[in-house]
>>> print(open('input39.pdb').read())   # PDB, C-alpha atoms
ATOM      1  CA  MET A   7     106.285  88.171 128.680
ATOM      2  CA  LEU A   8     103.212  90.178 127.681
ATOM      3  CA  ALA A   9     102.114  92.710 130.271
ATOM      4  CA  ILE A  10      98.639  94.240 130.212
ATOM      5  CA  VAL A  11      97.815  97.273 132.338
ATOM      6  CA  ALA A  12      94.523  99.187 132.059
ATOM      7  CA  GLY A  13      93.818  97.779 128.609
ATOM      8  CA  THR A  14      97.247  98.671 127.203
ATOM      9  CA  VAL A  15      99.532  95.956 125.878
ATOM     10  CA  PHE A  16     103.222  96.562 126.559
ATOM     11  CA  LEU A  17     105.486  94.756 124.134
ATOM     12  CA  PRO A  18     109.025  93.395 124.376
ATOM     13  CA  GLN A  19     111.848  95.463 122.911
ATOM     14  CA  ALA A  20     112.482  95.364 119.163
ATOM     15  CA  SER A  21     115.512  93.148 119.769
ATOM     16  CA  GLN A  22     113.018  90.429 120.763
ATOM     17  CA  ALA A  23     110.840  90.983 117.699
ATOM     18  CA  LYS A  24     108.079  88.430 117.391
ATOM     19  CA  THR A  25     104.372  87.905 116.903
ATOM     20  CA  ILE A  26     102.449  87.814 120.164
ATOM     21  CA  THR A  27      99.048  86.156 120.356
ATOM     22  CA  VAL A  28      96.943  88.548 122.403
ATOM     23  CA  CYS A  29      93.898  86.260 122.365
ATOM     24  CA  THR A  30      92.535  83.058 120.893
ATOM     25  CA  LEU A  31      88.841  82.466 121.524
ATOM     26  CA  LEU A  32      86.633  79.628 120.267
ATOM     27  CA  ALA A  33      82.987  79.080 121.197
ATOM     28  CA  ASP A  34      80.064  76.912 120.212
ATOM     29  CA  ALA A  35      77.843  78.990 117.949
ATOM     30  CA  LYS A  36      74.561  77.504 119.133
ATOM     31  CA  THR A  37      75.043  77.196 122.896
ATOM     32  CA  GLY A  38      77.607  79.963 123.405
ATOM     33  CA  GLU A  39      79.812  77.584 125.410
ATOM     34  CA  THR A  40      83.440  78.706 125.420
ATOM     35  CA  LEU A  41      85.624  75.898 124.094
ATOM     36  CA  ILE A  42      89.025  77.623 124.089
ATOM     37  CA  THR A  43      90.080  80.909 125.667
ATOM     38  CA  GLN A  44      93.686  82.043 125.820
ATOM     39  CA  GLY A  45      95.032  85.502 126.604
ATOM     40  CA  ASP A  46      93.261  88.834 127.010
ATOM     41  CA  CYS A  47      90.080  88.404 124.984
ATOM     42  CA  GLN A  48      88.564  91.660 126.286
ATOM     43  CA  HIS A  49      91.331  93.791 124.739
ATOM     44  CA  ARG A  50      89.965  96.035 121.987
ATOM     45  CA  ALA A  51      91.788  96.862 118.785
ATOM     46  CA  SER A  52      90.862  98.439 115.471
ATOM     47  CA  ALA A  53      88.251  96.369 113.665
ATOM     48  CA  ALA A  54      90.271  96.773 110.444
ATOM     49  CA  SER A  55      89.164  94.547 107.561
ATOM     50  CA  THR A  56      87.205  92.197 109.810
ATOM     51  CA  PHE A  57      84.571  94.946 109.675
ATOM     52  CA  LYS A  58      83.937  93.871 106.092
ATOM     53  CA  ILE A  59      81.754  91.091 107.511
ATOM     54  CA  ALA A  60      79.492  93.735 109.034
ATOM     55  CA  ILE A  61      79.687  95.940 105.925
ATOM     56  CA  SER A  62      78.637  93.009 103.740
ATOM     57  CA  LEU A  63      75.540  92.497 105.906
ATOM     58  CA  MET A  64      74.697  96.190 105.613
ATOM     59  CA  GLY A  65      75.268  96.148 101.865
ATOM     60  CA  TYR A  66      73.055  93.134 101.140
ATOM     61  CA  ASP A  67      70.334  94.206 103.533
ATOM     62  CA  ALA A  68      70.200  97.692 101.995
ATOM     63  CA  GLY A  69      70.123  96.306  98.443
ATOM     64  CA  ILE A  70      73.480  97.838  97.485
ATOM     65  CA  LEU A  71      75.043  94.402  97.035
ATOM     66  CA  LYS A  72      73.091  92.031  94.796
ATOM     67  CA  ASP A  73      75.010  88.739  94.763
ATOM     68  CA  THR A  74      78.641  87.569  94.773
ATOM     69  CA  HIS A  75      79.424  89.306  91.470
ATOM     70  CA  HIS A  76      77.202  92.390  91.453
ATOM     71  CA  PRO A  77      77.564  95.264  91.521
ATOM     72  CA  ILE A  78      80.846  95.714  89.681
ATOM     73  CA  LEU A  79      82.165  99.102  90.740
ATOM     74  CA  PRO A  80      84.786 100.936  88.676
ATOM     75  CA  PHE A  81      88.159 101.850  90.112
ATOM     76  CA  LYS A  82      88.801 105.591  89.985
ATOM     77  CA  ALA A  83      91.887 107.735  90.433
ATOM     78  CA  GLY A  84      92.178 108.899  94.013
ATOM     79  CA  TYR A  85      90.857 105.678  95.544
ATOM     80  CA  PRO A  86      93.171 103.761  97.927
ATOM     81  CA  ASP A  87      95.414 101.858  95.511
ATOM     82  CA  TRP A  88      98.474 100.579  97.351
ATOM     83  CA  ARG A  89      97.800  97.010  96.231
ATOM     84  CA  LYS A  90      97.838  96.162  92.529
ATOM     85  CA  GLU A  91      94.631  94.129  92.908
ATOM     86  CA  TRP A  92      92.786  97.258  94.043
ATOM     87  CA  GLN A  93      93.552  99.126  90.824
ATOM     88  CA  GLN A  94      90.739  97.532  88.843
ATOM     89  CA  ASP A  95      86.968  97.231  88.661
ATOM     90  CA  THR A  96      85.762  95.155  91.610
ATOM     91  CA  ASP A  97      82.773  92.974  92.491
ATOM     92  CA  PRO A  98      81.768  91.663  95.958
ATOM     93  CA  ALA A  99      83.784  88.438  95.631
ATOM     94  CA  SER A 100      87.011  90.220  94.663
ATOM     95  CA  TRP A 101      86.301  92.918  97.291
ATOM     96  CA  ILE A 102      86.652  90.302  99.998
ATOM     97  CA  LYS A 103      89.307  88.196  98.268
ATOM     98  CA  TYR A 104      91.657  91.169  97.953
ATOM     99  CA  SER A 105      90.270  93.138 100.932
ATOM    100  CA  VAL A 106      89.668  96.226  98.783
ATOM    101  CA  VAL A 107      89.380  99.295 101.015
ATOM    102  CA  TRP A 108      87.735 101.596  98.477
ATOM    103  CA  TYR A 109      84.922  99.118  97.766
ATOM    104  CA  SER A 110      84.051  99.125 101.468
ATOM    105  CA  GLN A 111      84.032 102.915 101.384
ATOM    106  CA  GLN A 112      81.728 102.967  98.381
ATOM    107  CA  ILE A 113      79.225 100.785 100.236
ATOM    108  CA  THR A 114      79.283 102.907 103.399
ATOM    109  CA  GLN A 115      78.938 106.131 101.410
ATOM    110  CA  ARG A 116      75.954 104.714  99.555
ATOM    111  CA  LEU A 117      74.402 103.797 102.895
ATOM    112  CA  GLY A 118      74.843 107.336 104.180
ATOM    113  CA  LYS A 119      75.810 108.421 107.671
ATOM    114  CA  ASP A 120      72.500 107.788 109.440
ATOM    115  CA  ARG A 121      71.823 104.334 108.047
ATOM    116  CA  TYR A 122      75.458 103.296 108.532
ATOM    117  CA  GLU A 123      75.432 104.387 112.180
ATOM    118  CA  ASN A 124      72.073 102.699 112.745
ATOM    119  CA  TYR A 125      73.429  99.370 111.496
ATOM    120  CA  VAL A 126      76.508  99.549 113.726
ATOM    121  CA  ARG A 127      74.311 100.369 116.709
ATOM    122  CA  ALA A 128      71.816  97.604 115.909
ATOM    123  CA  PHE A 129      74.638  95.078 115.483
ATOM    124  CA  GLU A 130      76.047  96.139 118.903
ATOM    125  CA  TYR A 131      79.406  96.051 117.155
ATOM    126  CA  GLY A 132      82.403  96.635 119.433
ATOM    127  CA  ASN A 133      82.527 100.083 120.988
ATOM    128  CA  GLY A 134      80.094 101.382 118.340
ATOM    129  CA  ASP A 135      82.233 104.490 117.763
ATOM    130  CA  VAL A 136      82.075 105.402 114.078
ATOM    131  CA  SER A 137      83.184 109.018 114.516
ATOM    132  CA  GLY A 138      86.493 108.378 112.732
ATOM    133  CA  ASP A 139      89.733 110.291 113.228
ATOM    134  CA  LYS A 140      89.486 113.074 115.774
ATOM    135  CA  GLY A 141      88.420 116.357 114.214
ATOM    136  CA  LYS A 142      88.306 114.994 110.642
ATOM    137  CA  ASN A 143      84.637 113.995 110.299
ATOM    138  CA  ASN A 144      85.603 110.907 108.294
ATOM    139  CA  GLY A 145      83.870 108.133 110.207
ATOM    140  CA  LEU A 146      81.833 107.061 107.186
ATOM    141  CA  THR A 147      84.986 106.001 105.342
ATOM    142  CA  ARG A 148      87.679 105.638 108.013
ATOM    143  CA  ALA A 149      86.219 104.575 111.382
ATOM    144  CA  TRP A 150      87.380 100.935 111.091
ATOM    145  CA  LEU A 151      90.860 101.760 109.729
ATOM    146  CA  SER A 152      93.126 102.225 112.778
ATOM    147  CA  SER A 153      90.616 104.779 113.979
ATOM    148  CA  SER A 154      87.653 105.057 116.353
ATOM    149  CA  LEU A 155      85.860 101.735 115.808
ATOM    150  CA  GLN A 156      87.360  99.213 118.223
ATOM    151  CA  ILE A 157      86.347  95.648 118.989
ATOM    152  CA  SER A 158      87.616  92.869 121.240
ATOM    153  CA  PRO A 159      87.918  89.178 120.373
ATOM    154  CA  ALA A 160      85.057  88.475 122.800
ATOM    155  CA  GLU A 161      82.898  91.048 120.987
ATOM    156  CA  GLN A 162      83.877  89.586 117.594
ATOM    157  CA  VAL A 163      82.687  86.163 118.748
ATOM    158  CA  ALA A 164      79.443  87.587 120.163
ATOM    159  CA  PHE A 165      78.730  89.352 116.855
ATOM    160  CA  LEU A 166      79.427  86.199 114.837
ATOM    161  CA  GLN A 167      77.214  84.113 117.112
ATOM    162  CA  LYS A 168      74.347  86.503 116.378
ATOM    163  CA  LEU A 169      75.091  86.199 112.670
ATOM    164  CA  LEU A 170      74.914  82.402 112.707
ATOM    165  CA  ARG A 171      71.818  82.392 114.915
ATOM    166  CA  HIS A 172      70.103  84.908 112.608
ATOM    167  CA  GLU A 173      69.708  87.336 115.501
ATOM    168  CA  LEU A 174      70.799  90.443 113.608
ATOM    169  CA  PRO A 175      68.225  92.854 112.095
ATOM    170  CA  VAL A 176      68.832  91.944 108.449
ATOM    171  CA  SER A 177      66.825  90.160 105.780
ATOM    172  CA  LYS A 178      66.697  86.416 105.161
ATOM    173  CA  ALA A 179      68.373  86.991 101.796
ATOM    174  CA  THR A 180      71.266  88.736 103.548
ATOM    175  CA  TYR A 181      71.885  85.686 105.725
ATOM    176  CA  GLU A 182      71.985  83.565 102.579
ATOM    177  CA  MET A 183      74.268  85.827 100.524
ATOM    178  CA  ALA A 184      76.840  87.391 102.842
ATOM    179  CA  PRO A 185      78.509  84.216 104.203
ATOM    180  CA  LYS A 186      79.374  83.093 100.666
ATOM    181  CA  LEU A 187      81.926  85.898 100.437
ATOM    182  CA  PHE A 188      83.979  84.568 103.352
ATOM    183  CA  ASP A 189      84.367  80.900 102.377
ATOM    184  CA  ILE A 190      87.925  79.745 103.157
ATOM    185  CA  GLY A 191      87.190  76.128 102.275
ATOM    186  CA  GLU A 192      87.287  72.746 103.961
ATOM    187  CA  GLN A 193      90.356  72.059 106.076
ATOM    188  CA  ALA A 194      92.258  68.829 106.697
ATOM    189  CA  GLY A 195      90.381  68.238 109.943
ATOM    190  CA  GLY A 196      87.063  68.211 108.101
ATOM    191  CA  TRP A 197      85.961  71.674 109.221
ATOM    192  CA  HIS A 198      84.585  74.050 106.585
ATOM    193  CA  VAL A 199      85.940  77.470 107.549
ATOM    194  CA  PHE A 200      84.585  80.934 106.800
ATOM    195  CA  GLY A 201      86.470  84.016 107.915
ATOM    196  CA  LYS A 202      88.138  87.349 107.360
ATOM    197  CA  THR A 203      91.616  88.606 108.104
ATOM    198  CA  GLY A 204      92.456  92.125 109.199
ATOM    199  CA  ALA A 205      95.478  94.245 110.018
ATOM    200  CA  ALA A 206      95.866  97.672 111.549
ATOM    201  CA  LEU A 207      98.254  99.879 113.435
ATOM    202  CA  SER A 208      98.294  99.505 117.196
ATOM    203  CA  GLN A 209      96.754 102.377 119.101
ATOM    204  CA  LYS A 210      97.379 104.087 122.419
ATOM    205  CA  PRO A 211      94.482 104.588 124.863
ATOM    206  CA  ASP A 212      94.004 108.105 123.432
ATOM    207  CA  GLY A 213      93.525 106.681 119.942
ATOM    208  CA  ASN A 214      96.865 107.779 118.505
ATOM    209  CA  VAL A 215      98.547 105.088 116.426
ATOM    210  CA  ILE A 216     101.792 103.325 117.244
ATOM    211  CA  LYS A 217     103.800 102.866 114.068
ATOM    212  CA  GLY A 218     105.612  99.619 113.407
ATOM    213  CA  GLN A 219     103.641  97.438 115.844
ATOM    214  CA  PRO A 220     100.632  96.192 113.860
ATOM    215  CA  VAL A 221      97.806  94.015 115.100
ATOM    216  CA  GLY A 222      96.505  91.072 113.121
ATOM    217  CA  TRP A 223      93.045  89.515 113.112
ATOM    218  CA  PHE A 224      91.452  86.366 111.862
ATOM    219  CA  VAL A 225      87.805  85.926 112.818
ATOM    220  CA  GLY A 226      85.040  83.703 111.536
ATOM    221  CA  TRP A 227      83.237  80.431 111.965
ATOM    222  CA  ALA A 228      83.571  76.769 111.024
ATOM    223  CA  GLU A 229      81.076  74.021 110.306
ATOM    224  CA  LYS A 230      81.348  70.259 110.564
ATOM    225  CA  GLY A 231      78.276  68.080 110.444
ATOM    226  CA  ASP A 232      75.717  69.691 112.719
ATOM    227  CA  ARG A 233      78.353  71.590 114.700
ATOM    228  CA  GLN A 234      79.163  75.285 114.271
ATOM    229  CA  VAL A 235      81.901  77.121 116.126
ATOM    230  CA  VAL A 236      82.936  80.772 116.043
ATOM    231  CA  PHE A 237      86.454  82.020 116.628
ATOM    232  CA  ALA A 238      88.662  85.074 116.886
ATOM    233  CA  ARG A 239      92.419  85.458 117.082
ATOM    234  CA  LEU A 240      94.122  88.772 117.747
ATOM    235  CA  THR A 241      97.889  89.143 117.427
ATOM    236  CA  ARG A 242     100.360  91.951 117.833
ATOM    237  CA  ASP A 243     103.817  92.253 116.275
ATOM    238  CA  THR A 244     106.700  93.983 118.011
ATOM    239  CA  THR A 245     108.023  95.252 114.662
ATOM    240  CA  ARG A 246     106.630  95.391 111.137
ATOM    241  CA  PRO A 247     106.466  91.783 109.870
ATOM    242  CA  ALA A 248     107.337  90.524 106.416
ATOM    243  CA  GLN A 249     103.874  88.977 105.945
ATOM    244  CA  PRO A 250     100.620  90.843 106.607
ATOM    245  CA  PRO A 251      99.757  90.063 110.234
ATOM    246  CA  GLY A 252      96.221  89.001 109.415
ATOM    247  CA  PHE A 253      97.593  86.282 107.123
ATOM    248  CA  THR A 254      99.845  85.047 109.924
ATOM    249  CA  ALA A 255      96.885  84.937 112.330
ATOM    250  CA  ARG A 256      94.811  83.062 109.742
ATOM    251  CA  ASP A 257      97.472  80.478 108.932
ATOM    252  CA  ALA A 258      98.175  79.849 112.604
ATOM    253  CA  ILE A 259      94.564  79.362 113.662
ATOM    254  CA  LEU A 260      93.829  77.082 110.717
ATOM    255  CA  ALA A 261      96.788  74.944 111.757
ATOM    256  CA  ASP A 262      96.063  75.121 115.490
ATOM    257  CA  LEU A 263      92.325  74.460 115.420
ATOM    258  CA  PHE A 264      91.173  72.998 112.118
ATOM    259  CA  ALA A 265      94.025  70.933 110.640
ATOM    260  CA  LYS A 266      93.268  67.888 112.779
ATOM    261  CA  ASP A 267      90.101  66.247 113.998
ATOM    262  CA  GLY A 268      89.366  66.163 117.723
ATOM    263  CA  GLN A 269      91.092  69.437 118.603
ATOM    264  CA  PHE A 270      88.138  70.517 120.747
TER     265      PHE A 270
END
>>> encode(input="input39.pdb", output="structure tokens")
Amino acid sequence: MLAIVAGTVFLPQASQAKTITVCTLLADAKTGETLITQGDCQHRASAASTFKIAISLMGYDAGILKDTHHPILPFKAGYPDWRKEWQQDTDPASWIKYSVVWYSQQITQRLGKDRYENYVRAFEYGNGDVSGDKGKNNGLTRAWLSSSLQISPAEQVAFLQKLLRHELPVSKATYEMAPKLFDIGEQAGGWHVFGKTGAALSQKPDGNVIKGQPVGWFVGWAEKGDRQVVFARLTRDTTRPAQPPGFTARDAILADLFAKDGQF
């Protein structure tokens, strides 16, 4: 059983290790009607790599990103490199495909602190806290990485609804370019899905991380005919899983919602 007290999720003991779905939320993009809601969809967690959707909008709007393959930025020693795919020159498409942390950081640093903070505020993104780790002044490069920037599934869906309705303060070209980076492809149920996974360490109410109990995200939208829906799934593992938790969240929601027609 999952107990939630004052915004804190208390997990079963390690002997009962499993993936817990904290929330699944699905809504109509145009009307805002909630189609599916399960669990605690107000619970905030680190934005993690789902923040790349917002960063891509910032990057295209500011002219830092040009198209799906430009700019190509060189990998340099000292960049985050714990995945082999990150240890190479990277363009926007491979940035999202391999979820390259340092490419995100290069975009935010090129934006600069003021412009970066202004975008987050204008997007009304989650708790809007881009201060980063306490006392380290690293919000420009770390806020979304198990740090200060928190967002709930309900807030993810609200942000994505604004994206699809073109209600965010970005250029027309940005709306045309950014979604291309997140194309997951057409599913068996006929839905064309766009989305981004994410994974982060769980955090206590004071912001300190809880090792070994990661959260997983899959957020995005799907299109079929003239219908558009937006979705968010947040999971939490009781121990470190074999597969990245964002991948597990993605695979599960694709199977649960988009593998068959008539699911909602």
>>> residues_around(input="input39.pdb", residues="segment 200-206 of chain A", least_positions_apart="4", cutoff="8 Å", atoms="only C-alpha atoms", output="list in words")
Ser52, Ala53, Ala54, Ser55, Thr56, Lys58, Ile59, Leu151, Ser152, Pro185, Phe188, Asp189, Ile190, Gly191, Pro220, Val221, Gly222, Trp223, Phe224, Val225, Gly226, Trp227, Ala228, Pro250, Pro251, Gly252, Phe253, Ala255 and Arg256 of chain A
>>> residues_around(input="input39.pdb", residues="segment 111-115 of chain A", least_positions_apart="2", cutoff="9 Å", atoms="all atoms listed in the file", output="PyMOL selection string")
chain A and resi 61-62+64-65+70-71+79+107-109+117-119+121-122+146-148
>>> atom_distance(input="input39.pdb", atom1="atom CA of Leu63 of chain A", atom2="atom CA of Ala258 of chain A")
26.8 Å
>>> atom_distance(input="input39.pdb", atom1="atom CA of Arg171 of chain A", atom2="atom CA of Lys36 of chain A")
7.0 Å
>>> residues_around(input="input39.pdb", residues="Glu39 of chain A", least_positions_apart="4", cutoff="12 Å", atoms="all atoms listed in the file", output="tab-separated table (two decimals) with C-alpha atoms, in the frame of the given file")
chain	number	residue	atom	x	y	z
A	31	LEU	CA	88.84	82.47	121.52
A	32	LEU	CA	86.63	79.63	120.27
A	33	ALA	CA	82.99	79.08	121.20
A	34	ASP	CA	80.06	76.91	120.21
A	35	ALA	CA	77.84	78.99	117.95
A	43	THR	CA	90.08	80.91	125.67
A	163	VAL	CA	82.69	86.16	118.75
A	164	ALA	CA	79.44	87.59	120.16
A	167	GLN	CA	77.21	84.11	117.11
A	234	GLN	CA	79.16	75.28	114.27
A	235	VAL	CA	81.90	77.12	116.13
A	236	VAL	CA	82.94	80.77	116.04
A	237	PHE	CA	86.45	82.02	116.63
A	270	PHE	CA	88.14	70.52	120.75
>>> closest_residue(input="input39.pdb", among="A:Gln209, A:Ala68, A:Cys29, A:Arg246", to="Arg116 of chain A", atoms="only C-alpha atoms")
A:Ala68
>>> atom_distance(input="input39.pdb", atom1="atom CA of Lys24 of chain A", atom2="atom CA of Ile42 of chain A")
22.9 Å
>>> residues_around(input="input39.pdb", residues="Asp67 of chain A", least_positions_apart="6", cutoff="9 Å", atoms="all atoms listed in the file", output="list of chain:residue names")
A:Pro175, A:Val176, A:Ser177, A:Lys178, A:Ala179, A:Thr180, A:Tyr181
>>> resolve_selection(input="input39.pdb", expression="the PyMOL selection byres ((chain A and resi 161) around 12)", output="ChimeraX atom specification")
/A:31,33,47-51,53,129-134,156-160,162-168,225,236-240
>>> resolve_selection(input="input39.pdb", expression="the PyMOL selection byres ((chain A and resi 82-92) around 8)", output="PyMOL selection string")
chain A and resi 80-81+93-96+104+106-108
>>> axis_aligned_box(input="input39.pdb", around="segment 193-211 of chain A", padding_each_side="6 Å", output="AutoDock Vina command-line options")
--center_x 91.4 --center_y 86.4 --center_z 115.5 --size_x 25.7 --size_y 48.4 --size_z 30.8
>>> closest_residue(input="input39.pdb", among="A:Thr37, A:Asn143, A:Ser100, A:Thr25", to="Thr244 of chain A", atoms="all atoms listed in the file")
A:Thr25
